[in-house]
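Colleague: Just one file: target-v4.cif, with mmCIF, C-alpha atoms and all ligand atoms.
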```cif
data_input
#
loop_
_atom_site.label_atom_id
_atom_site.label_comp_id
_atom_site.auth_asym_id
_atom_site.auth_seq_id
_atom_site.Cartn_x
_atom_site.Cartn_y
_atom_site.Cartn_z
CA MET A 1 181.80 104.12 -28.25
CA THR A 2 181.34 101.53 -25.55
CA LEU A 3 182.21 102.09 -21.94
CA SER A 4 183.51 99.18 -19.94
CA LEU A 5 183.77 99.05 -16.18
CA TYR A 6 185.01 96.47 -13.72
CA ASN A 7 181.83 95.51 -11.91
CA SER A 8 182.62 94.28 -8.38
CA LEU A 9 179.22 92.58 -8.24
CA ALA A 10 179.92 90.47 -11.36
CA ARG A 11 183.63 90.23 -10.45
CA LYS A 12 184.61 91.05 -14.03
CA LYS A 13 184.96 93.84 -16.51
CA GLU A 14 181.67 94.38 -18.31
CA GLU A 15 180.32 96.50 -21.09
CA PHE A 16 178.24 99.25 -19.52
CA LYS A 17 174.59 99.49 -20.54
CA SER A 18 172.40 102.11 -18.94
CA LEU A 19 168.93 101.21 -17.65
CA VAL A 20 167.35 103.80 -19.92
CA PRO A 21 168.87 105.04 -23.18
CA ASN A 22 170.82 108.31 -23.15
CA ALA A 23 170.79 108.77 -19.38
CA VAL A 24 172.88 107.48 -16.47
CA GLY A 25 172.35 107.58 -12.72
CA MET A 26 175.38 107.26 -10.45
CA TYR A 27 175.55 107.31 -6.65
CA VAL A 28 178.83 107.69 -4.76
CA CYS A 29 179.15 107.61 -0.97
CA GLY A 30 180.19 111.10 0.12
CA PRO A 31 182.10 112.40 3.13
CA THR A 32 181.17 112.20 6.78
CA VAL A 33 181.74 115.82 7.67
CA TYR A 34 183.66 115.79 10.96
CA ASP A 35 187.21 116.59 9.80
CA ARG A 36 189.36 117.60 6.82
CA ALA A 37 189.47 115.24 3.84
CA HIS A 38 192.73 113.27 3.65
CA LEU A 39 194.34 112.05 0.43
CA GLY A 40 192.63 108.66 0.68
CA ASN A 41 189.24 110.42 0.77
CA ALA A 42 190.34 112.70 -2.08
CA ARG A 43 191.32 109.76 -4.28
CA ALA A 44 187.74 108.48 -4.33
CA VAL A 45 186.36 111.94 -5.12
CA VAL A 46 188.83 112.44 -8.00
CA VAL A 47 188.26 108.92 -9.42
CA TYR A 48 184.47 109.35 -9.58
CA ASP A 49 184.91 112.88 -10.89
CA VAL A 50 186.73 111.36 -13.89
CA LEU A 51 183.98 108.78 -14.30
CA PHE A 52 181.41 111.61 -14.18
CA ARG A 53 183.35 113.46 -16.90
CA VAL A 54 183.58 110.32 -19.07
CA LEU A 55 179.87 109.56 -18.64
CA SER A 56 179.04 113.18 -19.47
CA ALA A 57 181.05 112.87 -22.71
CA LEU A 58 179.12 109.75 -23.68
CA TYR A 59 175.58 110.41 -22.41
CA PRO A 60 173.36 113.50 -22.78
CA LYS A 61 172.05 113.22 -19.21
CA VAL A 62 174.03 112.13 -16.16
CA ASP A 63 172.66 112.32 -12.64
CA TYR A 64 175.59 112.09 -10.27
CA VAL A 65 174.57 111.95 -6.62
CA ARG A 66 177.19 112.31 -3.89
CA ASN A 67 175.79 112.65 -0.41
CA ILE A 68 176.95 114.53 2.67
CA THR A 69 176.74 112.42 5.82
CA ASP A 70 176.02 115.09 8.42
CA VAL A 71 174.60 112.82 11.09
CA ASP A 72 176.89 110.11 12.45
CA ASP A 73 178.54 108.90 15.65
CA LYS A 74 181.89 110.38 14.55
CA ILE A 75 180.28 113.80 14.16
CA ASN A 76 178.69 113.62 17.61
CA ALA A 77 182.02 112.59 19.12
CA ALA A 78 183.97 115.37 17.36
CA ALA A 79 181.41 118.04 18.34
CA LYS A 80 181.70 116.93 21.99
CA VAL A 81 185.50 117.15 21.87
CA ASN A 82 185.36 120.61 20.21
CA LYS A 83 182.54 121.72 22.56
CA GLU A 84 180.63 123.16 19.61
CA PRO A 85 177.14 122.63 18.21
CA ILE A 86 176.90 119.85 15.62
CA SER A 87 175.43 122.22 13.04
CA ALA A 88 178.46 124.55 13.32
CA LEU A 89 180.87 121.61 12.90
CA THR A 90 179.10 120.07 9.90
CA LYS A 91 178.66 123.44 8.17
CA ARG A 92 182.36 124.30 8.55
CA VAL A 93 183.65 120.88 7.48
CA THR A 94 181.29 120.75 4.48
CA GLN A 95 182.71 124.10 3.33
CA TRP A 96 186.27 122.76 3.81
CA PHE A 97 185.38 119.72 1.73
CA HIS A 98 183.94 121.87 -1.06
CA ASP A 99 186.97 124.18 -1.07
CA ASP A 100 189.50 121.32 -1.09
CA MET A 101 187.73 119.37 -3.84
CA ALA A 102 187.40 122.53 -5.94
CA ALA A 103 191.17 122.98 -5.61
CA LEU A 104 191.50 119.47 -7.10
CA ASN A 105 189.35 120.58 -10.08
CA CYS A 106 186.48 118.30 -9.09
CA LEU A 107 183.14 119.21 -10.63
CA ASN A 108 180.11 119.55 -8.40
CA PRO A 109 177.88 116.49 -8.45
CA THR A 110 174.42 116.95 -9.95
CA HIS A 111 172.85 116.41 -6.52
CA GLU A 112 174.45 116.63 -3.10
CA PRO A 113 171.83 115.52 -0.58
CA ARG A 114 172.46 116.02 3.12
CA ALA A 115 171.43 113.12 5.32
CA THR A 116 169.66 115.44 7.79
CA ASP A 117 167.33 116.64 5.00
CA HIS A 118 166.18 113.06 4.36
CA ILE A 119 165.40 111.70 7.83
CA LYS A 120 161.73 111.24 6.85
CA ASP A 121 162.76 109.09 3.84
CA MET A 122 164.98 106.98 6.10
CA ILE A 123 162.19 106.50 8.65
CA ALA A 124 159.77 105.51 5.86
CA MET A 125 162.26 102.96 4.56
CA ILE A 126 162.86 101.50 8.04
CA GLU A 127 159.08 101.19 8.53
CA LYS A 128 158.86 99.27 5.27
CA LEU A 129 161.65 96.92 6.37
CA ILE A 130 159.83 96.26 9.65
CA ALA A 131 156.55 95.67 7.76
CA ASN A 132 158.31 93.27 5.37
CA GLY A 133 159.73 91.27 8.30
CA ASN A 134 163.36 92.25 7.60
CA ALA A 135 163.84 94.47 10.64
CA TYR A 136 162.90 94.46 14.33
CA VAL A 137 162.75 96.86 17.24
CA ALA A 138 164.79 96.07 20.35
CA GLU A 139 165.60 98.41 23.24
CA ASN A 140 164.80 101.57 21.25
CA HIS A 141 167.01 100.37 18.39
CA VAL A 142 165.81 99.14 15.02
CA LEU A 143 167.96 96.40 13.58
CA PHE A 144 168.16 94.73 10.22
CA ALA A 145 167.82 90.96 10.54
CA VAL A 146 170.45 89.69 8.10
CA LYS A 147 169.17 86.09 8.21
CA THR A 148 165.98 87.27 6.47
CA ASP A 149 167.98 88.17 3.36
CA SER A 150 169.09 85.03 1.51
CA GLU A 151 171.16 87.11 -0.90
CA TYR A 152 173.23 88.76 1.83
CA GLY A 153 176.93 88.71 1.01
CA LYS A 154 176.61 88.63 -2.77
CA LEU A 155 178.77 91.71 -3.30
CA SER A 156 181.62 91.01 -0.92
CA GLY A 157 181.39 87.25 -0.57
CA ARG A 158 181.50 87.79 3.18
CA LYS A 159 179.17 86.69 5.90
CA ALA A 160 177.14 88.93 8.15
CA GLU A 161 178.86 87.60 11.28
CA GLU A 162 182.14 89.11 10.07
CA GLN A 163 180.78 92.57 10.87
CA GLU A 164 181.68 91.83 14.44
CA ALA A 165 184.75 89.72 13.75
CA GLY A 166 187.94 91.34 14.87
CA ALA A 167 186.07 94.08 16.70
CA ARG A 168 186.56 92.17 19.97
CA ILE A 169 183.46 93.65 21.46
CA ALA A 170 180.66 91.71 23.06
CA VAL A 171 177.65 91.40 20.78
CA GLU A 172 174.92 93.68 22.08
CA LYS A 173 172.29 91.65 23.92
CA TYR A 174 169.44 93.23 21.94
CA LYS A 175 170.68 91.73 18.67
CA ARG A 176 169.09 88.50 17.51
CA ASP A 177 172.19 87.68 15.48
CA ALA A 178 175.71 89.02 15.72
CA GLY A 179 175.60 90.27 12.13
CA ASP A 180 172.42 92.33 12.54
CA PHE A 181 173.12 95.99 11.97
CA VAL A 182 171.58 99.21 13.19
CA LEU A 183 168.96 101.08 11.15
CA TRP A 184 167.97 103.45 13.95
CA LYS A 185 169.66 104.09 17.28
CA PRO A 186 168.42 105.99 20.35
CA ALA A 187 169.96 109.32 21.28
CA ASP A 188 172.36 109.51 24.20
CA ALA A 189 171.25 111.77 27.05
CA ASP A 190 174.04 114.29 26.41
CA ASP A 191 173.56 114.45 22.62
CA ASP A 192 173.20 117.78 20.88
CA ALA A 193 169.53 118.43 20.07
CA SER A 194 170.38 118.91 16.38
CA SER A 195 171.46 115.26 16.12
CA MET A 196 168.19 113.93 17.64
CA PHE A 197 165.20 113.25 15.45
CA ASP A 198 161.67 112.16 16.33
CA SER A 199 160.77 108.71 15.12
CA PRO A 200 158.20 106.01 15.86
CA TRP A 201 160.94 104.43 18.04
CA GLY A 202 161.71 107.51 20.10
CA LYS A 203 164.28 110.27 19.69
CA GLY A 204 167.39 109.11 17.92
CA ARG A 205 169.31 109.05 14.68
CA PRO A 206 169.63 106.81 11.63
CA GLY A 207 172.41 104.29 11.08
CA TRP A 208 174.94 105.22 8.41
CA HIS A 209 173.98 102.48 5.93
CA ILE A 210 170.30 103.45 5.70
CA GLU A 211 171.26 107.03 4.81
CA CYS A 212 172.71 106.00 1.43
CA SER A 213 169.88 103.56 0.67
CA ALA A 214 167.23 106.21 1.33
CA MET A 215 168.96 109.08 -0.50
CA SER A 216 169.89 107.05 -3.59
CA SER A 217 166.36 105.68 -4.08
CA LYS A 218 164.88 109.13 -3.50
CA LEU A 219 167.07 110.79 -6.16
CA LEU A 220 167.80 107.99 -8.64
CA GLY A 221 164.97 105.52 -8.13
CA VAL A 222 165.03 102.05 -6.57
CA ASN A 223 167.09 100.70 -9.50
CA PHE A 224 169.93 102.73 -10.92
CA ASP A 225 173.09 102.28 -12.96
CA ILE A 226 176.32 102.80 -11.04
CA HIS A 227 177.26 102.84 -7.36
CA GLY A 228 180.78 103.88 -6.45
CA GLY A 229 182.93 104.13 -3.36
CA GLY A 230 186.22 103.11 -1.79
CA ALA A 231 187.09 99.40 -1.56
CA ASP A 232 186.90 99.71 2.23
CA LEU A 233 183.17 100.43 1.92
CA LYS A 234 182.38 97.17 0.10
CA PHE A 235 181.81 95.41 3.40
CA PRO A 236 179.79 96.00 5.42
CA HIS A 237 178.54 99.38 4.14
CA HIS A 238 177.70 98.53 0.53
CA GLU A 239 176.58 95.00 1.37
CA ASN A 240 174.18 96.50 3.91
CA GLU A 241 172.95 99.12 1.43
CA ILE A 242 172.03 96.32 -1.01
CA ALA A 243 170.30 94.32 1.71
CA GLN A 244 168.22 97.27 2.92
CA SER A 245 167.25 98.49 -0.54
CA THR A 246 166.36 95.16 -2.12
CA CYS A 247 164.38 94.07 0.95
CA ALA A 248 162.50 97.38 1.25
CA HIS A 249 161.75 97.52 -2.47
CA LYS A 250 160.76 93.94 -3.28
CA GLY A 251 161.85 92.88 -6.75
CA SER A 252 164.42 95.64 -7.09
CA HIS A 253 168.10 94.94 -7.65
CA TYR A 254 169.53 98.32 -6.51
CA ALA A 255 172.67 99.34 -8.49
CA ASN A 256 173.63 97.39 -11.63
CA TYR A 257 177.35 98.22 -11.58
CA TRP A 258 179.47 98.52 -8.46
CA VAL A 259 182.76 100.37 -8.88
CA HIS A 260 185.36 100.35 -6.10
CA ASN A 261 188.56 102.33 -5.97
CA GLY A 262 191.67 100.93 -4.31
CA PHE A 263 193.31 102.18 -1.14
CA LEU A 264 195.77 105.00 -0.94
CA THR A 265 198.69 103.66 1.06
CA VAL A 266 201.67 105.03 2.96
CA ASN A 267 204.55 102.56 3.20
CA GLY A 268 202.13 99.85 2.13
CA GLU A 269 199.58 100.64 4.86
CA LYS A 270 196.15 102.09 4.12
CA MET A 271 196.01 105.84 4.77
CA SER A 272 193.33 106.35 7.38
CA LYS A 273 192.28 108.65 10.12
CA SER A 274 192.31 105.85 12.66
CA LEU A 275 195.90 104.79 11.86
CA GLY A 276 197.05 108.40 12.11
CA ASN A 277 199.19 108.10 8.94
CA PHE A 278 197.22 110.62 6.95
CA THR A 279 197.98 113.82 5.07
CA THR A 280 195.09 116.15 4.36
CA VAL A 281 194.58 117.83 1.02
CA ARG A 282 194.79 121.15 2.85
CA ASP A 283 198.23 120.25 4.34
CA LEU A 284 199.62 119.99 0.80
CA LEU A 285 197.79 123.03 -0.61
CA ASP A 286 199.11 125.10 2.29
CA LYS A 287 202.66 123.98 1.43
CA GLY A 288 202.20 125.52 -2.02
CA ILE A 289 201.55 122.27 -3.85
CA LYS A 290 199.02 122.87 -6.58
CA GLY A 291 195.73 121.01 -6.61
CA GLU A 292 196.44 119.89 -10.18
CA VAL A 293 199.69 118.26 -9.07
CA ILE A 294 197.82 116.32 -6.37
CA ARG A 295 195.14 115.37 -8.90
CA TYR A 296 197.71 114.18 -11.45
CA ALA A 297 199.41 112.08 -8.76
CA LEU A 298 196.06 110.53 -7.78
CA LEU A 299 195.29 109.63 -11.41
CA SER A 300 198.73 108.24 -12.25
CA THR A 301 197.78 104.76 -11.01
CA HIS A 302 194.75 102.80 -12.21
CA TYR A 303 191.86 103.50 -9.85
CA SER A 304 191.38 99.86 -8.91
CA LYS A 305 194.96 99.38 -7.68
CA PRO A 306 196.52 100.54 -4.43
CA LEU A 307 198.35 103.86 -4.80
CA ASP A 308 201.38 104.40 -2.59
CA TRP A 309 201.78 108.06 -1.67
CA ASN A 310 205.30 109.45 -1.37
CA GLU A 311 207.37 112.54 -2.07
CA LYS A 312 208.68 111.16 -5.38
CA LEU A 313 205.15 110.69 -6.71
CA LEU A 314 204.46 114.37 -6.01
CA SER A 315 207.71 115.64 -7.54
CA ASP A 316 207.29 113.41 -10.63
CA SER A 317 203.77 114.77 -11.05
CA GLN A 318 205.00 118.35 -10.73
CA LYS A 319 207.72 117.69 -13.34
CA ALA A 320 205.28 116.06 -15.79
CA LEU A 321 202.80 118.93 -15.52
CA ASP A 322 205.63 121.49 -15.88
CA LYS A 323 206.62 119.71 -19.11
CA PHE A 324 203.06 119.79 -20.47
CA TYR A 325 202.49 123.43 -19.49
CA ARG A 326 205.77 124.38 -21.16
CA LEU A 327 204.57 122.72 -24.38
CA VAL A 328 201.26 124.57 -24.15
CA GLU A 329 203.14 127.84 -23.61
CA GLU A 330 205.32 127.17 -26.64
CA GLY A 331 202.23 126.51 -28.75
CA LEU A 332 201.14 122.95 -29.37
CA PRO A 333 200.91 121.60 -32.89
CA PRO A 334 197.27 121.79 -33.99
CA LEU A 335 195.19 118.68 -33.44
CA PRO A 336 194.83 116.71 -36.65
CA ARG A 337 191.27 116.94 -37.99
CA THR A 338 189.80 113.70 -36.79
CA THR A 339 186.79 112.42 -34.98
CA GLN A 340 188.98 110.12 -32.95
CA ASN A 341 189.51 110.75 -29.29
CA PRO A 342 192.20 108.40 -27.97
CA ILE A 343 192.01 109.89 -24.47
CA LEU A 344 188.29 109.13 -24.28
CA ASP A 345 188.99 105.63 -25.70
CA ALA A 346 191.49 104.98 -22.89
CA LEU A 347 189.16 106.31 -20.20
CA ALA A 348 186.14 104.43 -21.59
CA ASP A 349 188.17 101.25 -21.05
CA ASP A 350 187.55 100.96 -17.30
CA MET A 351 188.94 104.43 -16.62
CA ASN A 352 192.47 103.67 -17.72
CA THR A 353 194.03 106.94 -16.53
CA PRO A 354 197.67 105.68 -16.68
CA LYS A 355 197.13 104.88 -20.35
CA ALA A 356 195.58 108.31 -20.99
CA ILE A 357 198.60 109.93 -19.32
CA ALA A 358 201.02 107.76 -21.33
CA LEU A 359 199.24 108.85 -24.54
CA LEU A 360 199.75 112.47 -23.52
CA HIS A 361 203.47 111.90 -23.10
CA GLU A 362 203.60 110.32 -26.59
CA ASN A 363 201.46 112.97 -28.23
CA PRO A 364 201.07 116.23 -26.30
CA SER A 365 198.73 117.61 -28.99
CA LEU A 366 196.08 115.56 -27.13
CA ILE A 367 196.30 117.97 -24.17
CA PRO A 368 193.13 119.89 -25.14
CA GLN A 369 191.17 116.62 -25.31
CA ALA A 370 192.57 115.49 -21.98
CA ALA A 371 191.88 118.78 -20.23
CA GLN A 372 188.15 118.27 -19.88
CA LEU A 373 188.17 114.50 -19.39
CA LEU A 374 190.98 114.32 -16.83
CA GLY A 375 190.27 117.69 -15.23
CA LEU A 376 193.83 118.92 -15.82
CA PHE A 377 195.48 121.90 -17.58
CA HIS A 378 193.02 124.42 -16.23
CA GLU A 379 195.62 127.12 -15.69
CA ASN A 380 197.10 129.62 -18.03
CA PRO A 381 200.78 128.51 -18.50
CA LYS A 382 202.08 131.93 -17.42
CA ASP A 383 200.21 131.66 -14.13
CA TRP A 384 201.32 128.06 -13.75
CA PHE A 385 205.01 128.96 -13.82
CA MET A 386 204.68 132.19 -11.84
CA THR A 387 203.07 130.66 -8.78
CA PRO A 388 205.67 130.26 -6.04
CA THR A 389 206.42 126.64 -5.38
CA GLU A 390 207.25 124.93 -2.15
CA ASP A 391 210.99 124.88 -2.95
CA ALA A 392 211.26 128.53 -4.01
CA ALA A 393 213.43 129.51 -1.02
CA ALA A 394 215.80 126.58 -1.59
CA ILE A 395 216.09 127.45 -5.29
CA GLN A 396 216.91 131.08 -4.49
CA GLU A 397 219.66 129.89 -2.12
CA LEU A 398 221.22 127.76 -4.87
CA ILE A 399 221.07 130.72 -7.28
CA ASN A 400 222.76 132.98 -4.73
CA ALA A 401 225.48 130.38 -4.12
CA ARG A 402 226.03 130.05 -7.87
CA ASN A 403 226.33 133.83 -8.28
CA GLU A 404 228.85 133.94 -5.43
CA ALA A 405 230.85 131.10 -7.04
CA LYS A 406 230.83 132.96 -10.34
CA ALA A 407 231.97 136.17 -8.65
CA ALA A 408 234.84 134.21 -7.06
CA LYS A 409 235.63 132.75 -10.51
CA ASN A 410 235.00 129.24 -9.16
CA PHE A 411 233.36 128.10 -12.40
CA THR A 412 233.46 124.39 -11.55
CA GLU A 413 231.31 125.06 -8.50
CA ALA A 414 229.06 127.44 -10.47
CA ASP A 415 228.48 124.74 -13.11
CA ARG A 416 227.78 122.13 -10.46
CA LEU A 417 225.16 124.39 -8.87
CA ARG A 418 223.63 125.11 -12.27
CA ALA A 419 223.30 121.35 -12.90
CA GLU A 420 221.64 121.00 -9.51
CA LEU A 421 219.11 123.69 -10.45
CA VAL A 422 218.41 122.07 -13.82
CA ALA A 423 217.76 118.78 -12.02
CA LEU A 424 215.11 120.61 -9.99
CA GLY A 425 213.42 121.64 -13.23
CA VAL A 426 214.60 125.26 -12.94
CA THR A 427 215.42 127.40 -15.96
CA ILE A 428 217.94 130.15 -15.17
CA MET A 429 218.10 133.37 -17.15
CA ASP A 430 221.21 135.50 -16.55
CA ARG A 431 220.30 139.13 -17.16
CA PRO A 432 222.62 142.10 -17.55
CA GLY A 433 223.83 143.63 -14.31
CA GLY A 434 224.37 140.26 -12.60
CA ILE A 435 220.64 139.69 -12.12
CA THR A 436 219.48 136.09 -12.33
CA GLU A 437 215.86 135.38 -13.07
CA TRP A 438 214.47 131.91 -12.81
CA ARG A 439 211.34 129.96 -13.37
CA LYS A 440 210.15 126.41 -12.99
CA GLY A 441 209.87 124.57 -16.26
ZN ZN A 501 177.07 104.86 1.16
#
```
Represent the structure from my file as structure tokens, please.
Ligand SMILES: [Zn+2]
Modeller:
Amino acid sequence: MTLSLYNSLARKKEEFKSLVPNAVGMYVCGPTVYDRAHLGNARAVVVYDVLFRVLSALYPKVDYVRNITDVDDKINAAAKVNKEPISALTKRVTQWFHDDMAALNCLNPTHEPRATDHIKDMIAMIEKLIANGNAYVAENHVLFAVKTDSEYGKLSGRKAEEQEAGARIAVEKYKRDAGDFVLWKPADADDDASSMFDSPWGKGRPGWHIECSAMSSKLLGVNFDIHGGGADLKFPHHENEIAQSTCAHKGSHYANYWVHNGFLTVNGEKMSKSLGNFTTVRDLLDKGIKGEVIRYALLSTHYSKPLDWNEKLLSDSQKALDKFYRLVEEGLPPLPRTTQNPILDALADDMNTPKAIALLHENPSLIPQAAQLLGLFHENPKDWFMTPTEDAAAIQELINARNEAKAAKNFTEADRLRAELVALGVTIMDRPGGITEWRKG
């Protein structure tokens, strides 16, 4: 079977060929651990989790690296606001991230390097860039000189100067060119000691971009197969990763395939921490919404397109999963004996998750095939329907009202309330003695 992926670098869908036979290396930019993951962050994790599952079905060996950025300006700022040590903040938020992604049925990556464990690799790479004439030291900073890289902009089609465009801040005097970006920055006087590292340029910390370049080459080599991340990382983050890596490792090309997932939007606007229009994964889990429902909702749209998040998307996802779990509970027809795997076919075609889901609706006997590849249907159906849902209290109120209507012989009202319950996906079972049991699905 061939896998095809839309390669942002080639700007077209391409047949995937791994650098070495039977093995794939994939790097995906991981979280900066300063706060809870929101649904936009979760979308990227779920998308590349599906790609990891598809690759694992097709290749005997898959090295999936997803880093933890545990040194960053945002972390320093959050630790100062919380008045807590940086190590306590990053440890807690990393655990939150692991818990929330596990609730979404995401597999652990093969490697999960922490930036703070690779400072030496970053310093070595920066030294190489200075030696190669691609970086310079100015006022305790080390900067990448974008004009030294003739290929700069090949991923995004954008120019280095745009890094500053729109930011409306004066270009720092120590930069030779506005587009030059930081590889190493000096520590502030009031920084937590755990965010300061010794370097040939004084105490400080690495820039964000160099973290990914250093960790990916350390774990996957200077050339590897797939690099993934959100579309918002294409510029400048991924462009800068390419520049650093190809200039430090002369003759290398860095990642062969670049995969970018689209934004998660709310009312058409990108969900982001800075816009304040975000919902965290934990907010939804705490409301009683199952991780699988969130995951299904995230996979219902093709990964490359924007996905608008709303209540209807969640309730449609809940209804669809209820339907599938009911079919599993009733006993699915056995899978015909065949070597064909239409779900894998759909996913191998540039991760076409909406098509895979449509196939499931047409032929639910594919559920066992889909379970592993999509990371769904992990629950026992009995547990699925027993778990209290967010609307349990409202459902009980409707049932009570219906029982009262029945007692008052107001059957029109009782029927209307029953129809309302059915519309909510509730099955009512009237038991002897006026007891009404109910379940979702
Ligand atoms: Zn990165």
Colleague: At what distance in Å, to one decimal, does CA of Leu39 (chain A) lie from CA of Pro306 (chain A)?
Modeller: 12.7 Å
Colleague: So which residues are near ligand ZN 501 (chain A), meaning at most 8 Å away with all atoms listed in the file counted, given back as an mmCIF file with C-alpha atoms, keeping the file's coordinate frame?
Modeller:
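Saved as pocket12.cif:
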```
data_model
loop_
_atom_site.group_PDB
_atom_site.id
_atom_site.type_symbol
_atom_site.label_atom_id
_atom_site.label_comp_id
_atom_site.auth_asym_id
_atom_site.auth_seq_id
_atom_site.Cartn_x
_atom_site.Cartn_y
_atom_site.Cartn_z
ATOM 1 C CA VAL A 28 178.830 107.690 -4.760
ATOM 2 C CA CYS A 29 179.150 107.610 -0.970
ATOM 3 C CA GLY A 30 180.190 111.100 0.120
ATOM 4 C CA TRP A 208 174.940 105.220 8.410
ATOM 5 C CA HIS A 209 173.980 102.480 5.930
ATOM 6 C CA GLU A 211 171.260 107.030 4.810
ATOM 7 C CA CYS A 212 172.710 106.000 1.430
ATOM 8 C CA SER A 213 169.880 103.560 0.670
ATOM 9 C CA GLY A 229 182.930 104.130 -3.360
ATOM 10 C CA LEU A 233 183.170 100.430 1.920
ATOM 11 C CA HIS A 237 178.540 99.380 4.140
ATOM 12 C CA HIS A 238 177.700 98.530 0.530
ATOM 13 C CA GLU A 241 172.950 99.120 1.430
#
```
Colleague: In the coordinates of the file, take the point (164.9, 106.3, 5.9) and a cut-off of 10 Å; then, counting only C-alpha atoms, name each qualifying protein, DNA or RNA residue as a list of chain:residue names.
Modeller: A:Ala115, A:His118, A:Ile119, A:Lys120, A:Asp121, A:Met122, A:Ile123, A:Ala124, A:Met125, A:Ile126, A:Glu127, A:Lys128, A:Leu129, A:Leu183, A:Trp184, A:Pro206, A:Gly207, A:His209, A:Ile210, A:Glu211, A:Cys212, A:Ser213, A:Ala214, A:Met215, A:Lys218
Colleague: With C-alpha atoms retained, write the just-selected residues as a PDB file, in the coordinates of the input.
Modeller:
```pdb
ATOM      1  CA  ALA A 115     171.430 113.120   5.320  1.00  0.00           C
ATOM      2  CA  HIS A 118     166.180 113.060   4.360  1.00  0.00           C
ATOM      3  CA  ILE A 119     165.400 111.700   7.830  1.00  0.00           C
ATOM      4  CA  LYS A 120     161.730 111.240   6.850  1.00  0.00           C
ATOM      5  CA  ASP A 121     162.760 109.090   3.840  1.00  0.00           C
ATOM      6  CA  MET A 122     164.980 106.980   6.100  1.00  0.00           C
ATOM      7  CA  ILE A 123     162.190 106.500   8.650  1.00  0.00           C
ATOM      8  CA  ALA A 124     159.770 105.510   5.860  1.00  0.00           C
ATOM      9  CA  MET A 125     162.260 102.960   4.560  1.00  0.00           C
ATOM     10  CA  ILE A 126     162.860 101.500   8.040  1.00  0.00           C
ATOM     11  CA  GLU A 127     159.080 101.190   8.530  1.00  0.00           C
ATOM     12  CA  LYS A 128     158.860  99.270   5.270  1.00  0.00           C
ATOM     13  CA  LEU A 129     161.650  96.920   6.370  1.00  0.00           C
ATOM     14  CA  LEU A 183     168.960 101.080  11.150  1.00  0.00           C
ATOM     15  CA  TRP A 184     167.970 103.450  13.950  1.00  0.00           C
ATOM     16  CA  PRO A 206     169.630 106.810  11.630  1.00  0.00           C
ATOM     17  CA  GLY A 207     172.410 104.290  11.080  1.00  0.00           C
ATOM     18  CA  HIS A 209     173.980 102.480   5.930  1.00  0.00           C
ATOM     19  CA  ILE A 210     170.300 103.450   5.700  1.00  0.00           C
ATOM     20  CA  GLU A 211     171.260 107.030   4.810  1.00  0.00           C
ATOM     21  CA  CYS A 212     172.710 106.000   1.430  1.00  0.00           C
ATOM     22  CA  SER A 213     169.880 103.560   0.670  1.00  0.00           C
ATOM     23  CA  ALA A 214     167.230 106.210   1.330  1.00  0.00           C
ATOM     24  CA  MET A 215     168.960 109.080  -0.500  1.00  0.00           C
ATOM     25  CA  LYS A 218     164.880 109.130  -3.500  1.00  0.00           C
TER      26      LYS A 218
END
```
Colleague: Residues within 10 Å of Gly262 (chain A), please, as a PyMOL selection string. Count all atoms listed in the file; anything in the same chain fewer than 3 positions from it doesn't count.
Modeller: chain A and resi 40+43-44+229-232+265+270+301-307
Colleague: So how far away is CA of Phe377 (chain A) from CA of Lys440 (chain A), in Å?
Modeller: 16.0 Å
Colleague: Using only C-alpha atoms for the distances, tell me which of A:Lys382, A:Arg337, A:Arg295, A:Lys409 is nearest to Met101 (chain A).
Modeller: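 Closest candidate: A:Arg295.
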Colleague: Restricting the calculation to only C-alpha atoms, which member of A:Phe16, A:Ala178, A:Ala346, A:Met196 is positioned closest to Ser87 (chain A)?
Modeller: A:Met196
Colleague: What's the separation between CA of Phe52 (chain A) and CA of Ala37 (chain A), in Å to one decimal place?
Modeller: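 Distance reported for this atom pair: 20.1 Å.
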Colleague: Just give me the residues with any atom within 12 Å of (188.8, 111.6, 6.1), file coordinates, counting all atoms listed in the file, written as number ranges by chain.
Modeller: A: 30-45, 74-75, 93-94, 96-97, 230, 264, 271-282
Colleague: Determine, counting all atoms listed in the file, which protein, DNA and RNA residues have an atom within 7 Å of an atom of Asp192 (chain A); residues of the same chain fewer than 3 positions away are not included. Present the result as an NGL selection string.
Modeller: :A and (85-86 or 195)
Colleague: Go ahead and write the residues just picked, C-alpha atoms, as a compact mmCIF listing (two decimals), in the frame of the given file.
Modeller:
```txt
# COMPACT_ATOMS: atom_id res chain seq x y z
CA PRO A 85 177.14 122.63 18.21
CA ILE A 86 176.90 119.85 15.62
CA SER A 195 171.46 115.26 16.12
```
Colleague: Would you mind listing, for every residue of region 29-72 of chain A within 8 Å of region 370-376 of chain A, the two atoms forming the shortest contact and the distance between them in Å to one decimal, using all atoms listed in the file, sorted by chain and ascending residue number, as a tab-separated table?
Modeller:
```
residue	atom	partner	partner_atom	distance
A:Val50	CA	A:Leu374	CA	6.0
A:Arg53	CA	A:Leu373	CA	5.5
A:Val54	CA	A:Leu373	CA	6.2
```
Colleague: Applying 12 Å and all atoms listed in the file, which residues near region 394-397 of chain A remain after dropping the ones on its own chain fewer than 3 positions away? List them as number ranges by chain.
Modeller: A: 388-391, 400-404, 417-418, 420-428, 436-440
Colleague: If we count all atoms listed in the file, what is near region 355-363 of chain A at a cut-off of 10 Å, once residues fewer than 6 positions away on the same chain are taken out, given as a list in words?
Modeller: Tyr296, Leu299, Ser300, Thr301, His302, Ala320, Lys323, Phe324, Pro333, Leu335, Pro342, Ile343, Leu344, Asp345, Ala346, Leu347, Asp349, Gln369, Ala370, Leu373 and Leu374 of chain A
